[in-house]
Each structure stands twice: as structure tokens, then as C-alpha cells.
>>> print(open('start_21.cif').read())   # mmCIF, C-alpha atoms
data_target
#
loop_
_atom_site.group_PDB
_atom_site.id
_atom_site.type_symbol
_atom_site.label_atom_id
_atom_site.label_comp_id
_atom_site.auth_asym_id
_atom_site.auth_seq_id
_atom_site.Cartn_x
_atom_site.Cartn_y
_atom_site.Cartn_z
ATOM 1 C CA MET Q 172 -39.403 47.419 6.185
ATOM 2 C CA ALA Q 173 -36.826 47.747 8.934
ATOM 3 C CA ASN Q 174 -33.413 46.155 8.698
ATOM 4 C CA LYS Q 175 -33.481 43.353 11.294
ATOM 5 C CA ASN Q 176 -29.777 43.790 12.057
ATOM 6 C CA HIS Q 177 -30.388 47.439 12.931
ATOM 7 C CA LEU Q 178 -33.243 46.512 15.249
ATOM 8 C CA GLU Q 179 -31.144 43.822 16.972
ATOM 9 C CA ASN Q 180 -28.345 46.326 17.598
ATOM 10 C CA LEU Q 181 -30.818 48.857 18.970
ATOM 11 C CA LYS Q 182 -32.223 46.327 21.437
ATOM 12 C CA LYS Q 183 -28.727 45.573 22.791
ATOM 13 C CA GLY Q 184 -28.626 48.997 24.441
ATOM 14 C CA ALA Q 185 -26.934 52.353 24.185
ATOM 15 C CA VAL Q 186 -23.299 51.248 24.529
ATOM 16 C CA ASN Q 187 -23.622 48.687 21.747
ATOM 17 C CA TRP Q 188 -25.606 51.134 19.608
ATOM 18 C CA ILE Q 189 -22.974 53.867 19.855
ATOM 19 C CA SER Q 190 -20.215 51.466 18.841
ATOM 20 C CA TRP Q 191 -22.227 49.983 16.006
ATOM 21 C CA ARG Q 192 -23.220 53.386 14.570
ATOM 22 C CA LYS Q 193 -19.604 54.593 14.662
ATOM 23 C CA ASN Q 194 -18.406 51.534 12.754
ATOM 24 C CA SER Q 195 -21.264 51.070 10.308
ATOM 25 C CA SER Q 196 -21.656 52.781 6.968
ATOM 26 C CA GLU Q 197 -25.138 51.331 6.409
ATOM 27 C CA LYS Q 198 -28.081 53.723 6.071
ATOM 28 C CA LEU Q 199 -30.197 53.327 9.189
ATOM 29 C CA ASP Q 200 -33.583 51.691 8.529
ATOM 30 C CA LEU Q 201 -36.000 51.258 11.418
ATOM 31 C CA SER Q 202 -39.115 51.838 9.332
ATOM 32 C CA SER Q 203 -42.459 50.305 10.258
ATOM 33 C CA ILE Q 204 -41.406 48.903 13.643
ATOM 34 C CA ASN Q 205 -42.962 49.304 17.067
ATOM 35 C CA LEU Q 206 -40.693 50.950 19.625
ATOM 36 C CA GLU Q 207 -43.533 52.154 21.829
ATOM 37 C CA GLY Q 208 -42.253 53.065 25.280
ATOM 38 C CA PHE Q 209 -38.574 52.431 24.458
ATOM 39 C CA ASN Q 210 -35.925 54.482 26.238
ATOM 40 C CA LEU Q 211 -33.734 55.847 23.446
ATOM 41 C CA ARG Q 212 -32.139 58.632 25.450
ATOM 42 C CA GLY Q 213 -29.076 59.956 23.640
ATOM 43 C CA PHE Q 214 -29.374 57.512 20.733
ATOM 44 C CA ASP Q 215 -28.053 58.553 17.331
ATOM 45 C CA LEU Q 216 -30.886 57.976 14.872
ATOM 46 C CA SER Q 217 -29.619 60.554 12.401
ATOM 47 C CA GLU Q 218 -30.003 60.062 8.659
ATOM 48 C CA GLY Q 219 -32.476 57.272 9.422
ATOM 49 C CA ASN Q 220 -35.431 55.867 7.574
ATOM 50 C CA LEU Q 221 -37.969 55.966 10.401
ATOM 51 C CA LYS Q 222 -41.071 56.040 8.227
ATOM 52 C CA GLN Q 223 -44.170 54.578 9.880
ATOM 53 C CA ILE Q 224 -42.281 53.870 13.118
ATOM 54 C CA ASN Q 225 -44.268 53.785 16.365
ATOM 55 C CA LEU Q 226 -42.442 55.824 19.015
ATOM 56 C CA SER Q 227 -45.458 56.524 21.210
ATOM 57 C CA HIS Q 228 -44.459 57.122 24.833
ATOM 58 C CA ALA Q 229 -40.780 56.685 23.839
ATOM 59 C CA LYS Q 230 -38.044 58.652 25.581
ATOM 60 C CA LEU Q 231 -35.884 60.309 22.939
ATOM 61 C CA ILE Q 232 -34.314 62.825 25.311
ATOM 62 C CA GLN Q 233 -31.094 64.297 23.839
ATOM 63 C CA SER Q 234 -31.368 61.964 20.836
ATOM 64 C CA ASN Q 235 -30.040 62.893 17.421
ATOM 65 C CA LEU Q 236 -32.660 62.665 14.670
ATOM 66 C CA THR Q 237 -30.934 65.029 12.250
ATOM 67 C CA ASN Q 238 -32.003 64.452 8.642
ATOM 68 C CA SER Q 239 -34.235 61.513 9.609
ATOM 69 C CA ASP Q 240 -37.475 60.759 7.804
ATOM 70 C CA LEU Q 241 -40.297 60.202 10.292
ATOM 71 C CA SER Q 242 -43.091 60.447 7.736
ATOM 72 C CA ASN Q 243 -46.292 58.732 8.872
ATOM 73 C CA ALA Q 244 -44.694 58.004 12.270
ATOM 74 C CA ILE Q 245 -46.652 57.731 15.503
ATOM 75 C CA LEU Q 246 -45.085 59.783 18.298
ATOM 76 C CA ILE Q 247 -48.014 60.188 20.692
ATOM 77 C CA LYS Q 248 -46.700 61.444 24.055
ATOM 78 C CA ALA Q 249 -43.078 60.902 23.020
ATOM 79 C CA GLN Q 250 -40.436 62.876 24.909
ATOM 80 C CA LEU Q 251 -38.138 64.688 22.486
ATOM 81 C CA ILE Q 252 -36.661 66.954 25.153
ATOM 82 C CA ASP Q 253 -33.372 68.550 24.019
ATOM 83 C CA ALA Q 254 -33.387 66.332 20.905
ATOM 84 C CA ASN Q 255 -31.692 67.430 17.695
ATOM 85 C CA LEU Q 256 -34.397 67.400 15.016
ATOM 86 C CA THR Q 257 -32.586 69.551 12.465
ATOM 87 C CA ASN Q 258 -34.048 68.880 9.025
ATOM 88 C CA ALA Q 259 -36.145 65.940 10.304
ATOM 89 C CA GLN Q 260 -39.295 65.224 8.330
ATOM 90 C CA PHE Q 261 -42.609 64.626 10.105
ATOM 91 C CA ILE Q 262 -44.949 64.508 7.094
ATOM 92 C CA ASN Q 263 -48.360 63.081 8.114
ATOM 93 C CA SER Q 264 -46.977 62.033 11.524
ATOM 94 C CA ASN Q 265 -49.042 61.910 14.701
ATOM 95 C CA LEU Q 266 -47.379 64.363 17.092
ATOM 96 C CA GLN Q 267 -50.172 64.492 19.649
ATOM 97 C CA ASN Q 268 -48.884 65.619 23.065
ATOM 98 C CA VAL Q 269 -45.201 65.327 22.093
ATOM 99 C CA ASN Q 270 -42.828 67.151 24.444
ATOM 100 C CA PHE Q 271 -40.421 69.193 22.285
ATOM 101 C CA ALA Q 272 -38.996 71.258 25.203
ATOM 102 C CA GLY Q 273 -35.520 72.486 24.272
ATOM 103 C CA ALA Q 274 -35.497 70.532 20.990
ATOM 104 C CA ASN Q 275 -33.696 71.897 17.937
ATOM 105 C CA LEU Q 276 -36.389 72.130 15.256
ATOM 106 C CA GLU Q 277 -34.402 74.002 12.602
ATOM 107 C CA LYS Q 278 -35.431 73.482 8.997
#
>>> encode(input="start_21.cif", output="C-alpha cells")
Amino acid sequence: MANKNHLENLKKGAVNWISWRKNSSEKLDLSSINLEGFNLRGFDLSEGNLKQINLSHAKLIQSNLTNSDLSNAILIKAQLIDANLTNAQFINSNLQNVNFAGANLEK
């Protein structure tokens, strides 16, 4: 289950998120939450536990998802344009109509 503090920081917007991620040593946990339609452009979600997250219709343009676990996630029509997905895991995830244009899908 997601860490409520992490979710609260995410909802405060990009500026707060950037500062919090730089100063936090906690492992990111946003598992099993609904972020459908959220604008997460440029957000650093790297090294995160994003299992069972709902990111349908979310904008993850230029976001960093390096080494994140998105197993069983729902990403229907998500925009992952120019996102860094190096070593991200999408085991059993719904990737229907996801836009991966320009995304780094290494490993």
C-alpha cells in the first residue's frame, strides 16, 4: 500500500516534489493508488514501488521511471513521451494505447 506521505507530497505539485525527492532517502512507494489523469510531467518516480498503480490517461512526459516496478499497473492511454524507462518493470501491466514516443526503454 502506498506511503501516504509520498502521496501528499506528490499532490503538492512539481516544485514541492523535486525538493522532497532531493532531500528524502525513503524508498518511493505509490503502489495501489489511483492517479488517473494526473499531470506528472518531469516528475522523478525513479526507484519507485508503483505496483498496481492506476496511471490511465496520465501525462508522464519527460518523467523519470528508471528502475521502477510498475507490475500490474494500469497505464491505458498514458503519455510516456520522452520518459526515461530504463530498467522499469511492466510485468502484467495494461499498456493499451500508451504513447512511448521518444521514451528510453532500455533493459
>>> atom_distance(input="start_21.cif", atom1="CA of Asn243 (chain Q)", atom2="CA of Asn187 (chain Q)")
27.9 Å
>>> resolve_selection(input="start_21.cif", expression="the PyMOL selection byres ((chain Q and resi 199-206) around 9)", output="ChimeraX atom specification")
/Q:172-175,177-178,192,196-198,207-210,216-229,241,244
>>> residues_near_point(input="start_21.cif", point="(-42.9, 65.8, 9.4)", cutoff="12 Å", atoms="only C-alpha atoms", output="PyMOL selection string")
chain Q and resi 221-223+236+238-246+256-266+276+278
>>> residues_around(input="start_21.cif", residues="Gly184 (chain Q)", least_positions_apart="2", cutoff="12 Å", atoms="only C-alpha atoms", output="ChimeraX atom specification")
/Q:177-182,186-191,209-215
>>> axis_aligned_box(input="start_21.cif", around="region 220-239 of chain Q", padding_each_side="8 Å", output="lines of an AutoDock Vina configuration file")
center_x = -37.7
center_y = 59.4
center_z = 16.6
size_x = 31.4
size_y = 27.2
size_z = 34.0
>>> residues_around(input="start_21.cif", residues="Asp253 (chain Q)", least_positions_apart="6", cutoff="10 Å", atoms="all atoms listed in the file", output="list of chain:residue names")
Q:Gly213, Q:Leu231, Q:Ile232, Q:Gln233, Q:Ser234, Q:Asn235, Q:Asn270, Q:Phe271, Q:Ala272, Q:Gly273, Q:Ala274, Q:Asn275, Q:Leu276
>>> write_last_selection(input="start_21.cif", atoms="C-alpha atoms", output="PDB file, in the coordinates of the input")
ATOM      1  CA  GLY Q 213     -29.076  59.956  23.640  1.00  0.00           C
ATOM      2  CA  LEU Q 231     -35.884  60.309  22.939  1.00  0.00           C
ATOM      3  CA  ILE Q 232     -34.314  62.825  25.311  1.00  0.00           C
ATOM      4  CA  GLN Q 233     -31.094  64.297  23.839  1.00  0.00           C
ATOM      5  CA  SER Q 234     -31.368  61.964  20.836  1.00  0.00           C
ATOM      6  CA  ASN Q 235     -30.040  62.893  17.421  1.00  0.00           C
ATOM      7  CA  ASN Q 270     -42.828  67.151  24.444  1.00  0.00           C
ATOM      8  CA  PHE Q 271     -40.421  69.193  22.285  1.00  0.00           C
ATOM      9  CA  ALA Q 272     -38.996  71.258  25.203  1.00  0.00           C
ATOM     10  CA  GLY Q 273     -35.520  72.486  24.272  1.00  0.00           C
ATOM     11  CA  ALA Q 274     -35.497  70.532  20.990  1.00  0.00           C
ATOM     12  CA  ASN Q 275     -33.696  71.897  17.937  1.00  0.00           C
ATOM     13  CA  LEU Q 276     -36.389  72.130  15.256  1.00  0.00           C
TER      14      LEU Q 276
END
